[in-house]
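Enquirer: Below is the file start26.txt, which contains compact mmCIF, C-alpha atoms.
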# COMPACT_ATOMS: atom_id res chain seq x y z
CA MET A 1 33.16 -43.67 138.05
CA ALA A 2 32.06 -45.61 141.13
CA GLU A 3 32.39 -49.38 140.88
CA ARG A 4 30.88 -51.92 143.24
CA LYS A 5 32.01 -55.55 143.11
CA MET A 6 30.20 -58.53 144.59
CA LEU A 7 31.09 -62.23 144.78
CA LEU A 8 27.91 -64.30 144.68
CA ASP A 9 27.06 -67.94 145.29
CA SER A 10 25.73 -70.07 142.46
CA THR A 11 22.15 -70.01 143.71
CA LEU A 12 18.87 -68.52 142.54
CA ASP A 13 18.93 -66.28 145.62
CA SER A 14 21.95 -64.57 144.07
CA VAL A 15 19.79 -63.63 141.09
CA GLU A 16 17.62 -61.54 143.41
CA VAL A 17 20.68 -60.07 145.18
CA ALA A 18 22.23 -58.99 141.89
CA GLU A 19 18.98 -57.53 140.57
CA THR A 20 18.48 -55.54 143.77
CA ALA A 21 22.06 -54.21 143.71
CA VAL A 22 21.89 -53.14 140.07
CA LEU A 23 18.49 -51.51 140.42
CA GLY A 24 19.68 -49.62 143.49
CA ALA A 25 22.61 -48.20 141.52
CA ALA A 26 20.37 -47.44 138.54
CA ARG A 27 17.92 -45.49 140.71
CA GLU A 28 20.77 -43.44 142.17
CA ILE A 29 21.76 -42.14 138.73
CA GLY A 30 18.19 -41.44 137.69
CA PHE A 31 16.84 -44.26 135.55
CA HIS A 32 13.07 -44.29 135.26
CA GLU A 33 10.65 -47.12 135.91
CA ASP A 34 10.49 -48.68 132.43
CA ASP A 35 14.27 -48.66 132.11
CA LEU A 36 14.62 -50.10 135.61
CA HIS A 37 12.34 -52.93 134.55
CA GLN A 38 14.43 -53.59 131.45
CA LEU A 39 17.70 -53.43 133.38
CA GLY A 40 16.34 -55.75 136.04
CA MET A 41 15.28 -58.27 133.43
CA ALA A 42 18.66 -58.12 131.63
CA VAL A 43 20.47 -58.69 134.92
CA ARG A 44 18.10 -61.49 135.91
CA GLU A 45 18.59 -63.32 132.60
CA SER A 46 22.37 -62.88 132.77
CA MET A 47 22.52 -64.09 136.36
CA VAL A 48 20.34 -67.12 135.57
CA ASN A 49 22.67 -67.96 132.68
CA ALA A 50 25.68 -67.68 135.00
CA VAL A 51 24.19 -69.70 137.86
CA VAL A 52 22.28 -72.34 135.89
CA HIS A 53 24.14 -72.80 132.61
CA GLY A 54 27.61 -71.50 133.55
CA ASN A 55 28.29 -72.65 137.09
CA ARG A 56 25.51 -75.28 137.05
CA TYR A 57 24.65 -74.50 140.70
CA ASN A 58 28.15 -75.68 141.71
CA ALA A 59 28.68 -74.51 145.30
CA ARG A 60 32.43 -74.21 144.71
CA LYS A 61 31.96 -71.77 141.84
CA LYS A 62 31.10 -68.10 142.20
CA VAL A 63 29.45 -65.44 140.10
CA HIS A 64 31.36 -62.15 139.87
CA LEU A 65 29.22 -59.04 139.61
CA SER A 66 30.53 -55.57 138.92
CA VAL A 67 28.30 -52.50 138.77
CA THR A 68 29.84 -49.21 137.66
CA LYS A 69 27.96 -45.96 137.89
CA ALA A 70 28.82 -43.17 135.45
CA PRO A 71 26.89 -39.91 135.10
CA ASP A 72 25.32 -41.02 131.84
CA ARG A 73 25.28 -44.83 132.06
CA LEU A 74 25.38 -47.97 134.12
CA ILE A 75 27.92 -50.68 133.28
CA ILE A 76 27.25 -54.20 134.54
CA VAL A 77 29.66 -57.11 134.22
CA ILE A 78 28.61 -60.63 135.23
CA ALA A 79 31.16 -63.44 135.04
CA ASP A 80 30.81 -67.12 135.85
CA GLU A 81 33.37 -69.86 136.40
CA GLY A 82 31.82 -72.42 134.05
CA ASP A 83 33.07 -74.06 130.88
CA GLY A 84 32.13 -71.15 128.62
CA PHE A 85 30.05 -71.32 125.46
CA ASP A 86 30.08 -70.12 121.87
CA VAL A 87 27.43 -67.44 121.57
CA ASN A 88 27.35 -67.99 117.80
CA LYS A 89 26.15 -71.56 118.30
CA VAL A 90 23.08 -70.58 120.31
CA PRO A 91 20.01 -71.36 118.15
CA ASP A 92 18.10 -68.31 116.93
CA PRO A 93 14.93 -68.24 119.06
CA LEU A 94 13.17 -66.20 116.36
CA ALA A 95 13.63 -68.82 113.66
CA GLU A 96 10.33 -70.40 112.66
CA ASN A 97 11.43 -73.85 113.79
CA ASN A 98 12.54 -72.59 117.19
CA LEU A 99 9.52 -70.48 118.16
CA LEU A 100 8.00 -73.31 120.22
CA ARG A 101 11.20 -74.29 122.00
CA GLN A 102 10.87 -74.01 125.75
CA SER A 103 14.22 -72.32 126.33
CA GLY A 104 16.81 -70.18 124.56
CA ARG A 105 15.31 -66.68 124.77
CA GLY A 106 17.48 -65.21 127.53
CA LEU A 107 20.17 -63.68 125.31
CA LEU A 108 17.51 -62.26 122.99
CA LEU A 109 15.85 -60.45 125.90
CA ILE A 110 19.14 -59.13 127.26
CA ARG A 111 20.04 -57.69 123.84
CA ALA A 112 16.61 -56.08 123.63
CA PHE A 113 16.83 -54.43 127.04
CA VAL A 114 20.33 -52.93 127.20
CA ASP A 115 22.14 -50.57 124.82
CA GLU A 116 25.38 -52.54 124.63
CA PHE A 117 25.87 -56.25 125.20
CA GLN A 118 29.02 -58.31 124.84
CA VAL A 119 29.73 -61.95 125.61
CA LEU A 120 33.42 -62.57 126.23
CA PRO A 121 35.53 -65.53 127.33
CA GLY A 122 36.09 -65.28 131.08
CA GLN A 123 39.56 -65.01 132.59
CA PRO A 124 40.90 -67.58 133.26
CA ARG A 125 37.71 -69.48 132.36
CA GLY A 126 33.98 -69.20 132.13
CA THR A 127 31.94 -66.49 130.46
CA GLU A 128 31.81 -62.76 131.05
CA VAL A 129 28.91 -60.64 129.89
CA ARG A 130 29.18 -56.86 129.76
CA MET A 131 26.05 -54.74 129.57
CA VAL A 132 25.70 -50.98 129.29
CA LYS A 133 22.50 -48.96 129.65
CA TYR A 134 22.66 -45.23 128.87
CA LEU A 135 20.66 -42.70 130.79
CA ALA A 136 20.51 -40.41 127.76
CA LYS A 137 18.73 -43.09 125.78
CA ALA A 138 16.26 -43.70 128.58
CA SER A 139 12.65 -43.15 127.60
CA MET B 1 5.82 -62.74 145.44
CA SER B 2 5.62 -65.85 143.28
CA VAL B 3 2.63 -66.53 141.07
CA LYS B 4 -0.82 -67.33 142.45
CA MET B 5 -3.16 -69.23 140.19
CA SER B 6 -6.79 -70.23 140.36
CA SER B 7 -9.28 -71.52 137.83
CA ARG B 8 -12.97 -70.93 137.19
CA GLN B 9 -15.43 -72.17 134.62
CA VAL B 10 -17.20 -69.88 132.16
CA GLY B 11 -19.42 -72.17 130.10
CA ASP B 12 -17.11 -74.77 128.66
CA VAL B 13 -14.04 -72.53 128.93
CA THR B 14 -11.64 -72.86 131.84
CA VAL B 15 -10.35 -69.44 132.80
CA VAL B 16 -7.05 -69.50 134.69
CA ASP B 17 -6.39 -66.33 136.67
CA ALA B 18 -2.71 -65.76 137.33
CA ALA B 19 -1.26 -63.07 139.60
CA GLY B 20 2.30 -62.20 140.57
CA ARG B 21 5.57 -63.20 138.93
CA ILE B 22 6.17 -66.10 136.56
CA THR B 23 9.92 -66.59 136.84
CA LEU B 24 12.47 -69.38 137.09
CA GLY B 25 11.77 -71.53 140.12
CA GLU B 26 8.47 -71.73 141.93
CA GLY B 27 6.55 -69.29 139.74
CA ALA B 28 7.25 -71.10 136.49
CA SER B 29 6.64 -74.55 137.97
CA VAL B 30 3.30 -73.52 139.53
CA PHE B 31 2.19 -72.27 136.13
CA ARG B 32 3.34 -75.45 134.36
CA ASP B 33 1.71 -77.79 136.88
CA MET B 34 -1.61 -75.96 136.78
CA ILE B 35 -1.92 -76.07 132.99
CA ARG B 36 -0.71 -79.66 132.74
CA ASP B 37 -3.25 -80.76 135.34
CA LEU B 38 -6.07 -79.07 133.45
CA ALA B 39 -4.97 -80.64 130.15
CA ALA B 40 -4.61 -84.06 131.77
CA LYS B 41 -8.15 -83.97 133.16
CA GLY B 42 -9.48 -83.19 129.71
CA ASP B 43 -10.01 -79.43 129.67
CA LYS B 44 -9.82 -78.41 126.00
CA LYS B 45 -10.55 -74.69 126.14
CA ILE B 46 -8.17 -72.84 128.42
CA LEU B 47 -7.97 -69.07 128.72
CA VAL B 48 -5.05 -67.75 130.78
CA ASN B 49 -5.76 -64.35 132.32
CA LEU B 50 -2.44 -62.54 132.81
CA SER B 51 -3.82 -59.11 133.73
CA ASP B 52 -2.41 -59.33 137.27
CA VAL B 53 0.95 -60.78 136.24
CA SER B 54 3.56 -58.13 136.87
CA TYR B 55 6.67 -59.88 135.61
CA ILE B 56 7.58 -62.78 133.34
CA ASP B 57 11.16 -63.84 132.61
CA SER B 58 12.44 -66.11 129.83
CA SER B 59 11.73 -69.20 131.96
CA GLY B 60 8.16 -68.05 132.43
CA ILE B 61 7.82 -67.46 128.70
CA GLY B 62 9.22 -70.94 128.17
CA GLU B 63 6.57 -72.42 130.45
CA MET B 64 3.85 -70.56 128.60
CA VAL B 65 5.09 -71.98 125.30
CA SER B 66 5.42 -75.45 126.80
CA SER B 67 1.88 -75.20 128.19
CA PHE B 68 0.59 -74.11 124.79
CA THR B 69 2.20 -77.19 123.23
CA THR B 70 0.87 -79.49 125.97
CA VAL B 71 -2.71 -78.27 125.56
CA THR B 72 -2.49 -78.37 121.75
CA ASN B 73 -1.14 -81.93 121.87
CA HIS B 74 -4.15 -82.89 124.00
CA GLY B 75 -6.41 -81.56 121.23
CA GLY B 76 -7.19 -78.34 123.04
CA GLN B 77 -6.64 -74.61 122.74
CA LEU B 78 -4.79 -72.25 125.06
CA LYS B 79 -5.32 -68.52 124.64
CA LEU B 80 -4.15 -65.44 126.54
CA LEU B 81 -6.13 -62.59 128.07
CA GLY B 82 -5.27 -59.20 129.54
CA LEU B 83 -1.59 -58.75 128.83
CA THR B 84 0.14 -55.79 130.44
CA LYS B 85 2.26 -53.59 128.18
CA ARG B 86 5.42 -55.25 129.48
CA VAL B 87 4.16 -58.74 128.76
CA LYS B 88 2.97 -57.62 125.31
CA ASP B 89 6.46 -56.25 124.66
CA LEU B 90 7.95 -59.60 125.63
CA LEU B 91 5.68 -61.47 123.22
CA GLN B 92 6.61 -59.06 120.45
CA ILE B 93 10.36 -59.32 121.08
CA THR B 94 10.13 -63.11 121.08
CA LYS B 95 7.69 -63.22 118.10
CA LEU B 96 5.29 -65.25 120.22
CA TYR B 97 2.49 -62.90 119.21
CA THR B 98 2.43 -65.05 116.08
CA VAL B 99 1.85 -68.17 118.21
CA PHE B 100 -0.66 -67.14 120.87
CA ASP B 101 -4.18 -65.85 120.38
CA VAL B 102 -4.31 -62.77 122.60
CA PHE B 103 -7.46 -60.95 123.79
CA GLU B 104 -8.07 -57.68 125.56
CA ASP B 105 -11.42 -58.55 127.13
CA GLU B 106 -12.83 -61.74 128.58
CA PRO B 107 -16.18 -61.89 126.71
CA SER B 108 -14.42 -61.70 123.32
CA ALA B 109 -11.93 -64.32 124.42
CA ILE B 110 -14.69 -66.67 125.61
CA ARG B 111 -16.63 -66.22 122.36
CA SER B 112 -13.54 -67.05 120.31
CA PHE B 113 -13.59 -70.64 121.59
CA ALA B 114 -17.05 -71.31 120.16
What is this structure when it is put down as structure tokens?
Expert:
Amino acid sequence: MAERKMLLDSTLDSVEVAETAVLGAAREIGFHEDDLHQLGMAVRESMVNAVVHGNRYNARKKVHLSVTKAPDRLIIVIADEGDGFDVNKVPDPLAENNLLRQSGRGLLLIRAFVDEFQVLPGQPRGTEVRMVKYLAKAS
Amino acid sequence: MSVKMSSRQVGDVTVVDAAGRITLGEGASVFRDMIRDLAAKGDKKILVNLSDVSYIDSSGIGEMVSSFTTVTNHGGQLKLLGLTKRVKDLLQITKLYTVFDVFEDEPSAIRSFA
């Protein structure tokens, strides 16, 4: 499996850089347009979480991106250097009382658009998200 | 490309034509400012045409929800027109189809405000 690692600044420009890198790798192993769109959105939401909520735009903190190409899947790991968070304490954006909240839908969209999604404590700190999209399940 | 927005009047309905990407940063803030300005100047019937919007992220969805609340709090109505399949999918995943009135064609949307 071929892995590419990138160290990115905590800026919104890095969101575009990460999306471009992941979509390039996804095209190489044959993902089609709808799946590329879903992958791009999952990466965008994860990167925004890392830059905005994790590292809080701190110029001294980096976002770690890893993209691994396998014949049947793409594995993406995005880690920040923030304070971490408890994914179980994120309000359910589908609850009736939360439908009109302005924010809080990023994790929901990521889960909808990849086949596997894990949120793990970062090492030594921060948050690491691991996403897998399978080619075989591509539409 | 970020979002480009313009407005036009069809009877007493303000139609807002959006094109491009509504994402965190400039796109979402342009959308927010446009709708807030219309609500502040008293427009009560606002139809947002999203047929040329290619991409909306969770921040863009958040601004749409916030705009809906702003217009409603001003005693008005905000409805959506011309969603692409991808935007429809987003509204279904987020259950916002239950919040927004969504129309396929402009004449039906305009009539619905009567």
Enquirer: What are the residues of chain A that have an atom within 7 Å of an atom of chain B, counting only C-alpha atoms, as a list of chain:residue names?
Expert: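 Every residue of chain A that passes the 7 Å test is in A:Met41, A:Leu94, A:Leu100, A:Gln102, A:Ser103, A:Arg105, A:Gly106.
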Enquirer: Could you name the residues that touch stretch 48-53 of chain A at 6 Å or less, counting only C-alpha atoms, but leaving out those on the same chain fewer than 4 positions away, as number ranges by chain?
Expert: A: 10, 57, 80
Enquirer: What separation in Å, quoted to one decimal, exists between atom CA of A:Arg60 and atom CA of A:Thr127?
Expert: 16.2 Å
Enquirer: Taking the point (-4.8, -71.6, 125.2) as given in the file, collect each protein or nucleic acid residue that comes within 9 Å of it, counting all atoms listed in the file, and present the set as a PyMOL selection string.
Expert: chain B and resi 44-48+67-68+71-72+76-80+100-101
Enquirer: Contacts of stretch 6-9 of chain B at 12 Å or less, counting all atoms listed in the file, minus same-chain residues fewer than 3 places along, as an MDAnalysis selection string?
Expert: chainID B and resid 3 12:19 30:31 33:35 37:38 43 45:50 110
Enquirer: One decimal, Å: what's the distance from atom CA of A:Arg73 over to atom CA of A:Gly30, could you say?
Expert: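 Separation between atom CA of A:Arg73 and atom CA of A:Gly30: 9.7 Å.
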Enquirer: Tell me, in Å to one decimal, how far atom CA of A:Tyr134 is from atom CA of A:Val114.
Expert: 8.2 Å
Enquirer: Which one of B:Gly20, B:Val10, B:Met5, B:Ala28 sits closest to B:Pro107 if you count all atoms listed in the file?
Expert: B:Val10
Enquirer: Nearest to B:Glu26 among B:Arg111, B:His74, B:Lys85, B:Lys4, with distances taken over only C-alpha atoms: which residue is it?
Expert: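 The answer is B:Lys4, which sits nearest to B:Glu26.
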Enquirer: For each of A:Ala2, A:Ala79, A:Val119, A:Leu135, take the minimum atom-to-atom distance to A:Phe31, counting only C-alpha atoms, then give the residue where this is smallest.
Expert: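 Closest to A:Phe31, using only C-alpha atoms: A:Leu135.
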Enquirer: Residues near B:Thr84, anyone? I mean within 9 Å using only C-alpha atoms, not counting same-chain ones fewer than 3 positions away, as a list in words.
Expert: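 Those residues are Leu50, Ser51, Asp52, Val53, Ser54, Val87, Lys88 and Asp89 of chain B.
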Enquirer: May I have the protein, DNA and RNA residues with any atom at most 10 Å from the point (22.1, -53.0, 141.2), counting all atoms listed in the file, written as a list in words?
Expert: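 Nearby residues: Arg4, Glu16, Val17, Ala18, Glu19, Thr20, Ala21, Val22, Leu23, Gly24, Ala25, Ala26, Arg27, Glu28, Leu36, Leu39, Gly40, Val43, Leu65, Ser66, Val67, Thr68, Lys69, Leu74 and Ile76 of chain A.
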Enquirer: Return stretch 24-52 of chain B, completed with N, CA and C atoms, as a CSV table (one decimal), in the coordinates of the input.
Expert:
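The resulting selection-v9.csv:
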chain,number,residue,atom,x,y,z
B,24,LEU,N,11.8,-68.1,136.8
B,24,LEU,CA,12.5,-69.4,137.1
B,24,LEU,C,12.3,-69.8,138.6
B,25,GLY,N,12.0,-71.0,138.8
B,25,GLY,CA,11.8,-71.5,140.1
B,25,GLY,C,10.3,-71.8,140.4
B,26,GLU,N,9.8,-71.4,141.5
B,26,GLU,CA,8.5,-71.7,141.9
B,26,GLU,C,7.4,-71.2,141.0
B,27,GLY,N,7.6,-69.9,140.6
B,27,GLY,CA,6.6,-69.3,139.7
B,27,GLY,C,6.3,-70.0,138.5
B,28,ALA,N,7.4,-70.4,137.8
B,28,ALA,CA,7.2,-71.1,136.5
B,28,ALA,C,6.7,-72.5,136.7
B,29,SER,N,7.1,-73.2,137.8
B,29,SER,CA,6.6,-74.6,138.0
B,29,SER,C,5.2,-74.6,138.4
B,30,VAL,N,4.7,-73.6,139.2
B,30,VAL,CA,3.3,-73.5,139.5
B,30,VAL,C,2.5,-73.4,138.3
B,31,PHE,N,2.9,-72.5,137.4
B,31,PHE,CA,2.2,-72.3,136.1
B,31,PHE,C,2.1,-73.6,135.3
B,32,ARG,N,3.3,-74.2,135.2
B,32,ARG,CA,3.3,-75.4,134.4
B,32,ARG,C,2.4,-76.5,134.9
B,33,ASP,N,2.5,-76.7,136.3
B,33,ASP,CA,1.7,-77.8,136.9
B,33,ASP,C,0.2,-77.5,136.7
B,34,MET,N,-0.2,-76.3,136.9
B,34,MET,CA,-1.6,-76.0,136.8
B,34,MET,C,-2.1,-76.3,135.4
B,35,ILE,N,-1.4,-75.8,134.4
B,35,ILE,CA,-1.9,-76.1,133.0
B,35,ILE,C,-1.9,-77.6,132.6
B,36,ARG,N,-0.8,-78.2,133.0
B,36,ARG,CA,-0.7,-79.7,132.7
B,36,ARG,C,-1.8,-80.4,133.4
B,37,ASP,N,-2.2,-80.1,134.6
B,37,ASP,CA,-3.2,-80.8,135.3
B,37,ASP,C,-4.6,-80.6,134.6
B,38,LEU,N,-4.8,-79.3,134.2
B,38,LEU,CA,-6.1,-79.1,133.4
B,38,LEU,C,-6.1,-79.9,132.1
B,39,ALA,N,-5.0,-79.9,131.4
B,39,ALA,CA,-5.0,-80.6,130.2
B,39,ALA,C,-5.2,-82.1,130.4
B,40,ALA,N,-4.5,-82.6,131.5
B,40,ALA,CA,-4.6,-84.1,131.8
B,40,ALA,C,-6.0,-84.5,132.1
B,41,LYS,N,-6.8,-83.6,132.8
B,41,LYS,CA,-8.2,-84.0,133.2
B,41,LYS,C,-9.2,-83.7,132.0
B,42,GLY,N,-8.6,-83.3,130.9
B,42,GLY,CA,-9.5,-83.2,129.7
B,42,GLY,C,-10.0,-81.8,129.3
B,43,ASP,N,-9.6,-80.8,130.0
B,43,ASP,CA,-10.0,-79.4,129.7
B,43,ASP,C,-9.4,-79.1,128.3
B,44,LYS,N,-10.3,-78.7,127.4
B,44,LYS,CA,-9.8,-78.4,126.0
B,44,LYS,C,-9.8,-76.9,125.7
B,45,LYS,N,-10.5,-76.1,126.4
B,45,LYS,CA,-10.6,-74.7,126.1
B,45,LYS,C,-10.0,-73.9,127.4
B,46,ILE,N,-8.8,-73.5,127.3
B,46,ILE,CA,-8.2,-72.8,128.4
B,46,ILE,C,-7.8,-71.4,128.1
B,47,LEU,N,-8.3,-70.5,128.9
B,47,LEU,CA,-8.0,-69.1,128.7
B,47,LEU,C,-7.1,-68.6,129.9
B,48,VAL,N,-5.9,-68.2,129.7
B,48,VAL,CA,-5.0,-67.8,130.8
B,48,VAL,C,-5.1,-66.2,130.9
B,49,ASN,N,-5.6,-65.8,132.0
B,49,ASN,CA,-5.8,-64.4,132.3
B,49,ASN,C,-4.5,-63.8,133.0
B,50,LEU,N,-3.7,-63.0,132.3
B,50,LEU,CA,-2.4,-62.5,132.8
B,50,LEU,C,-2.5,-61.1,133.3
B,51,SER,N,-3.7,-60.6,133.4
B,51,SER,CA,-3.8,-59.1,133.7
B,51,SER,C,-3.2,-58.7,135.1
B,52,ASP,N,-3.1,-59.7,136.0
B,52,ASP,CA,-2.4,-59.3,137.3
B,52,ASP,C,-1.0,-59.9,137.4
